[in-house]
Amino acid sequence: MGKNNLGIVIIGRNEGERLSRCIKSAIRETDKVIYVDSGSTDNSIELAKQLGVEVVNLDLSIPFTAARARNAGFEFLNAQHPSLSYVQFIDGDCELVEGWIQQGLDFLGANPQFAVVCGRRRERFPNASIYNLLCDLEWDTPVGETKSCGGDALMRVDALKAVNGFNGSLIAGEEPELCIRLRQTGWKIYRLDAEMTLHDAAMSRFWQWWKRSQRAGYAFAEGAYLYGMSPEKYRLKEIISIFIWGGIIPILLLFLSINNQWFMLGWLVYLLQIIKVAIKKHKLISRRLSLLYASFVMLAKFPQFNGMMDFILNKKNNTVYKIIEYK
């Protein structure tokens, strides 16, 4: 299948050289490329214009989200090129792998029941930091028919229009939420065993990882609030796990240890859980990586609990959501 009916939407904010790589990989595939900027203070806008792509500037009087940026780019793309059949979304800190677009288009062309196809997002510098490595491990999900995609994905324009695009109010988790609505209308999602994008997390500090995990907890809570009572019980398992390991157990142990320090031994339950998670993960990766992965999975319960409580408090007080950034 040819690329004449393909458009690409890039979103970003202060991406620097990463944006240059992203745009160059996009214009290699098509001349229908839109860059949506969410208030960059570097030269992102000028860079995009110099590389010859259309630029959409988000109105910053309204809280910006990745979902809102993707919708803005998609709407602009459709206004300029109303005959397009496919759109590739990609974050500005990623680069399209050469050959991916054609593989994705061929799959969608041969499988009309699928609305979305994605591939393997891989970290560009996994050994630069432990946090980059964790991202690379996190994104290595099973291939085949799946329930959701990530921020980088190739989609049918008609399917996206039918469900009114992304939910622009979500600060994270907008891709799985979109996929839920697509599946509810009969569409399917597929992950190919193919290299799709290279991602540059540039995450070198513990606090960046903590804020990213906090945002994930917020997204899990919001997802459960929206679809937890649906037949698939969306995100309920994650929320229960976060509530127990990030909230109930540590609070209970701290309270009990006030009068009896022997209860401090109760923290060993986390070590046992780490071993359990590592054994399961070891089926796919080395023992060292599985222990590393499991340790951070458990540690992440604490910032995730923080993010979950942020959502609950925002909902209770009817306050405007806050953007949790980690870069």
# chains A, B, ... in the order shown; residues from 1 in each chain; ligands from 1
>>> residues_around(residues="stretch 299-310 of chain A", least_positions_apart="6", cutoff="9 Å", atoms="only C-alpha atoms", output="JSON, numbers by chain")
{"A": [209, 210, 211, 212, 213, 214, 215, 216, 217, 218, 219, 220, 221, 222, 239, 241, 242, 243, 244, 245, 246, 247, 321, 322, 324]}
>>> residues_around(residues="A:Asp140", least_positions_apart="5", cutoff="10 Å", atoms="only C-alpha atoms", output="mmCIF file with N, CA and C atoms, in the first residue's frame")
data_model
loop_
_atom_site.group_PDB
_atom_site.id
_atom_site.type_symbol
_atom_site.label_atom_id
_atom_site.label_comp_id
_atom_site.auth_asym_id
_atom_site.auth_seq_id
_atom_site.Cartn_x
_atom_site.Cartn_y
_atom_site.Cartn_z
ATOM 1 N N GLY A 119 4.013 -1.113 16.818
ATOM 2 C CA GLY A 119 5.145 -2.033 16.826
ATOM 3 C C GLY A 119 5.947 -1.853 18.094
ATOM 4 N N ARG A 120 7.224 -2.095 18.027
ATOM 5 C CA ARG A 120 8.098 -2.028 19.198
ATOM 6 C C ARG A 120 8.698 -0.641 19.327
ATOM 7 N N ARG A 121 8.375 0.030 20.416
ATOM 8 C CA ARG A 121 9.074 1.268 20.758
ATOM 9 C C ARG A 121 10.290 0.862 21.591
ATOM 10 N N ARG A 122 11.453 1.297 21.155
ATOM 11 C CA ARG A 122 12.686 0.910 21.825
ATOM 12 C C ARG A 122 13.439 2.149 22.304
ATOM 13 N N CYS A 135 12.456 1.955 31.053
ATOM 14 C CA CYS A 135 11.508 2.307 29.981
ATOM 15 C C CYS A 135 11.548 1.263 28.876
ATOM 16 N N LEU A 284 11.468 -13.995 30.541
ATOM 17 C CA LEU A 284 11.673 -13.188 29.343
ATOM 18 C C LEU A 284 13.042 -12.524 29.286
#
>>> select_by_dssp(residues="stretch 127-274 of chain A", states="strand (DSSP E)", output="list in words")
Gly144, Glu145, Thr146, Ala153, Leu154, Met155, Arg156, Lys188, Ile189, Tyr190, Arg191, Leu192, Asp193, Ala194, Glu195, Met196, Thr197, Leu198 and His199 of chain A
>>> write_last_selection(atoms="N, CA, C and O atoms", output="mmCIF file, in the first residue's frame")
data_model
loop_
_atom_site.group_PDB
_atom_site.id
_atom_site.type_symbol
_atom_site.label_atom_id
_atom_site.label_comp_id
_atom_site.auth_asym_id
_atom_site.auth_seq_id
_atom_site.Cartn_x
_atom_site.Cartn_y
_atom_site.Cartn_z
ATOM 1 N N GLY A 144 0.811 -9.379 18.710
ATOM 2 C CA GLY A 144 -0.482 -9.977 18.394
ATOM 3 C C GLY A 144 -1.614 -9.021 18.704
ATOM 4 O O GLY A 144 -1.401 -7.841 18.998
ATOM 5 N N GLU A 145 -2.840 -9.532 18.641
ATOM 6 C CA GLU A 145 -3.983 -8.693 18.968
ATOM 7 C C GLU A 145 -3.896 -8.271 20.427
ATOM 8 O O GLU A 145 -3.575 -9.075 21.306
ATOM 9 N N THR A 146 -4.157 -7.004 20.692
ATOM 10 C CA THR A 146 -3.992 -6.455 22.028
ATOM 11 C C THR A 146 -5.142 -5.513 22.351
ATOM 12 O O THR A 146 -5.982 -5.218 21.492
ATOM 13 N N ALA A 153 1.601 5.241 17.216
ATOM 14 C CA ALA A 153 0.724 4.231 16.617
ATOM 15 C C ALA A 153 0.188 4.733 15.288
ATOM 16 O O ALA A 153 0.050 5.949 15.062
ATOM 17 N N LEU A 154 -0.115 3.791 14.404
ATOM 18 C CA LEU A 154 -0.708 4.085 13.100
ATOM 19 C C LEU A 154 -2.193 3.756 13.169
ATOM 20 O O LEU A 154 -2.562 2.644 13.570
ATOM 21 N N MET A 155 -3.045 4.722 12.803
ATOM 22 C CA MET A 155 -4.487 4.558 12.968
ATOM 23 C C MET A 155 -5.250 4.881 11.695
ATOM 24 O O MET A 155 -4.808 5.673 10.866
ATOM 25 N N ARG A 156 -6.441 4.293 11.591
ATOM 26 C CA ARG A 156 -7.368 4.635 10.513
ATOM 27 C C ARG A 156 -8.061 5.952 10.846
ATOM 28 O O ARG A 156 -8.595 6.130 11.954
ATOM 29 N N LYS A 188 -10.534 -3.419 16.296
ATOM 30 C CA LYS A 188 -9.492 -4.187 16.970
ATOM 31 C C LYS A 188 -8.156 -3.448 16.897
ATOM 32 O O LYS A 188 -7.957 -2.579 16.043
ATOM 33 N N ILE A 189 -7.220 -3.845 17.794
ATOM 34 C CA ILE A 189 -5.884 -3.249 17.864
ATOM 35 C C ILE A 189 -4.867 -4.364 17.750
ATOM 36 O O ILE A 189 -5.066 -5.456 18.301
ATOM 37 N N TYR A 190 -3.753 -4.105 17.064
ATOM 38 C CA TYR A 190 -2.748 -5.156 16.849
ATOM 39 C C TYR A 190 -1.347 -4.587 17.060
ATOM 40 O O TYR A 190 -1.064 -3.422 16.729
ATOM 41 N N ARG A 191 -0.490 -5.428 17.634
ATOM 42 C CA ARG A 191 0.919 -5.064 17.773
ATOM 43 C C ARG A 191 1.754 -6.012 16.937
ATOM 44 O O ARG A 191 1.752 -7.221 17.156
ATOM 45 N N LEU A 192 2.447 -5.449 15.946
ATOM 46 C CA LEU A 192 3.307 -6.236 15.070
ATOM 47 C C LEU A 192 4.653 -6.506 15.730
ATOM 48 O O LEU A 192 5.128 -5.710 16.549
ATOM 49 N N ASP A 193 5.253 -7.594 15.362
ATOM 50 C CA ASP A 193 6.618 -7.898 15.797
ATOM 51 C C ASP A 193 7.569 -7.162 14.865
ATOM 52 O O ASP A 193 8.219 -7.746 13.997
ATOM 53 N N ALA A 194 7.620 -5.848 15.031
ATOM 54 C CA ALA A 194 8.411 -4.997 14.138
ATOM 55 C C ALA A 194 8.914 -3.779 14.901
ATOM 56 O O ALA A 194 8.245 -3.277 15.803
ATOM 57 N N GLU A 195 10.098 -3.314 14.526
ATOM 58 C CA GLU A 195 10.648 -2.101 15.141
ATOM 59 C C GLU A 195 9.865 -0.901 14.619
ATOM 60 O O GLU A 195 9.714 -0.719 13.412
ATOM 61 N N MET A 196 9.352 -0.063 15.517
ATOM 62 C CA MET A 196 8.514 1.063 15.126
ATOM 63 C C MET A 196 9.205 2.406 15.353
ATOM 64 O O MET A 196 9.346 3.209 14.432
ATOM 65 N N THR A 197 9.617 2.656 16.595
ATOM 66 C CA THR A 197 10.221 3.949 16.925
ATOM 67 C C THR A 197 11.379 3.786 17.895
ATOM 68 O O THR A 197 11.436 2.832 18.680
ATOM 69 N N LEU A 198 12.285 4.750 17.855
ATOM 70 C CA LEU A 198 13.344 4.881 18.843
ATOM 71 C C LEU A 198 12.990 6.056 19.743
ATOM 72 O O LEU A 198 12.711 7.152 19.248
ATOM 73 N N HIS A 199 12.999 5.833 21.034
ATOM 74 C CA HIS A 199 12.611 6.841 22.002
ATOM 75 C C HIS A 199 13.831 7.299 22.791
ATOM 76 O O HIS A 199 14.697 6.490 23.127
#
>>> residues_around(residues="stretch 267-282 of chain A", least_positions_apart="4", cutoff="7 Å", atoms="only C-alpha atoms", output="compact mmCIF listing (two decimals) with all heavy atoms, in the first residue's frame")
# COMPACT_ATOMS: atom_id res chain seq x y z
N SER A 286 17.06 -11.64 31.59
CA SER A 286 18.06 -12.22 32.47
C SER A 286 17.68 -12.04 33.94
O SER A 286 16.83 -11.23 34.29
CB SER A 286 19.43 -11.57 32.23
OG SER A 286 19.42 -10.22 32.68
N ARG A 287 18.35 -12.81 34.82
CA ARG A 287 18.07 -12.73 36.24
C ARG A 287 18.36 -11.33 36.79
O ARG A 287 17.59 -10.80 37.57
CB ARG A 287 18.90 -13.77 37.00
CG ARG A 287 18.64 -13.77 38.51
CD ARG A 287 19.47 -14.78 39.25
NE ARG A 287 19.07 -16.14 38.93
CZ ARG A 287 19.74 -16.99 38.16
NH1 ARG A 287 20.88 -16.59 37.60
NH2 ARG A 287 19.31 -18.21 37.92
N SER A 290 15.70 -8.95 35.60
CA SER A 290 14.41 -9.25 36.21
C SER A 290 14.35 -8.75 37.65
O SER A 290 13.32 -8.25 38.10
CB SER A 290 14.12 -10.75 36.15
OG SER A 290 15.07 -11.49 36.90
N LEU A 291 15.45 -8.87 38.40
CA LEU A 291 15.50 -8.34 39.77
C LEU A 291 15.43 -6.83 39.78
O LEU A 291 14.77 -6.22 40.63
CB LEU A 291 16.76 -8.83 40.47
CG LEU A 291 16.76 -10.28 40.94
CD1 LEU A 291 18.14 -10.70 41.41
CD2 LEU A 291 15.73 -10.48 42.06
N ALA A 294 11.81 -5.89 38.87
CA ALA A 294 10.90 -6.19 39.98
C ALA A 294 11.07 -5.20 41.12
O ALA A 294 10.09 -4.78 41.75
CB ALA A 294 11.13 -7.61 40.47
N SER A 295 12.30 -4.82 41.41
CA SER A 295 12.55 -3.86 42.50
C SER A 295 11.88 -2.52 42.22
O SER A 295 11.25 -1.93 43.11
CB SER A 295 14.06 -3.67 42.68
OG SER A 295 14.69 -4.88 43.04
N MET A 298 8.00 -2.57 42.47
CA MET A 298 7.51 -2.44 43.83
C MET A 298 7.73 -1.03 44.37
O MET A 298 6.86 -0.46 45.03
CB MET A 298 8.18 -3.46 44.74
CG MET A 298 7.81 -4.91 44.43
SD MET A 298 6.01 -5.17 44.31
CE MET A 298 5.50 -4.74 45.98
>>> residues_around(residues="A:Phe64", least_positions_apart="2", cutoff="10 Å", atoms="only C-alpha atoms", output="JSON, numbers by chain")
{"A": [37, 38, 39, 58, 59, 60, 61, 62, 66, 67, 68, 69, 168, 169, 170, 171, 322, 323]}
>>> atom_distance(atom1="atom CA of A:Trp207", atom2="atom CA of A:Ser129")
13.0 Å
>>> closest_residue(among="A:Gly92, A:Gly109, A:Pro142, A:Gly223", to="A:Lys237", atoms="only C-alpha atoms")
A:Gly223
>>> closest_residue(among="A:Gln88, A:Gln50, A:Asn4, A:Asn78", to="A:Ala26", atoms="only C-alpha atoms")
A:Gln88
>>> select_by_dssp(residues="stretch 182-276 of chain A", states="alpha helix (DSSP H)", output="JSON, numbers by chain")
{"A": [182, 183, 184, 206, 207, 208, 209, 210, 211, 212, 213, 214, 215, 216, 217, 218, 219, 220, 221, 222, 223, 224, 225, 226, 227, 236, 237, 238, 239, 240, 241, 242, 243, 249, 250, 251, 252, 253, 254, 255, 256, 257, 268, 269, 270, 271, 272, 273, 274, 275, 276]}
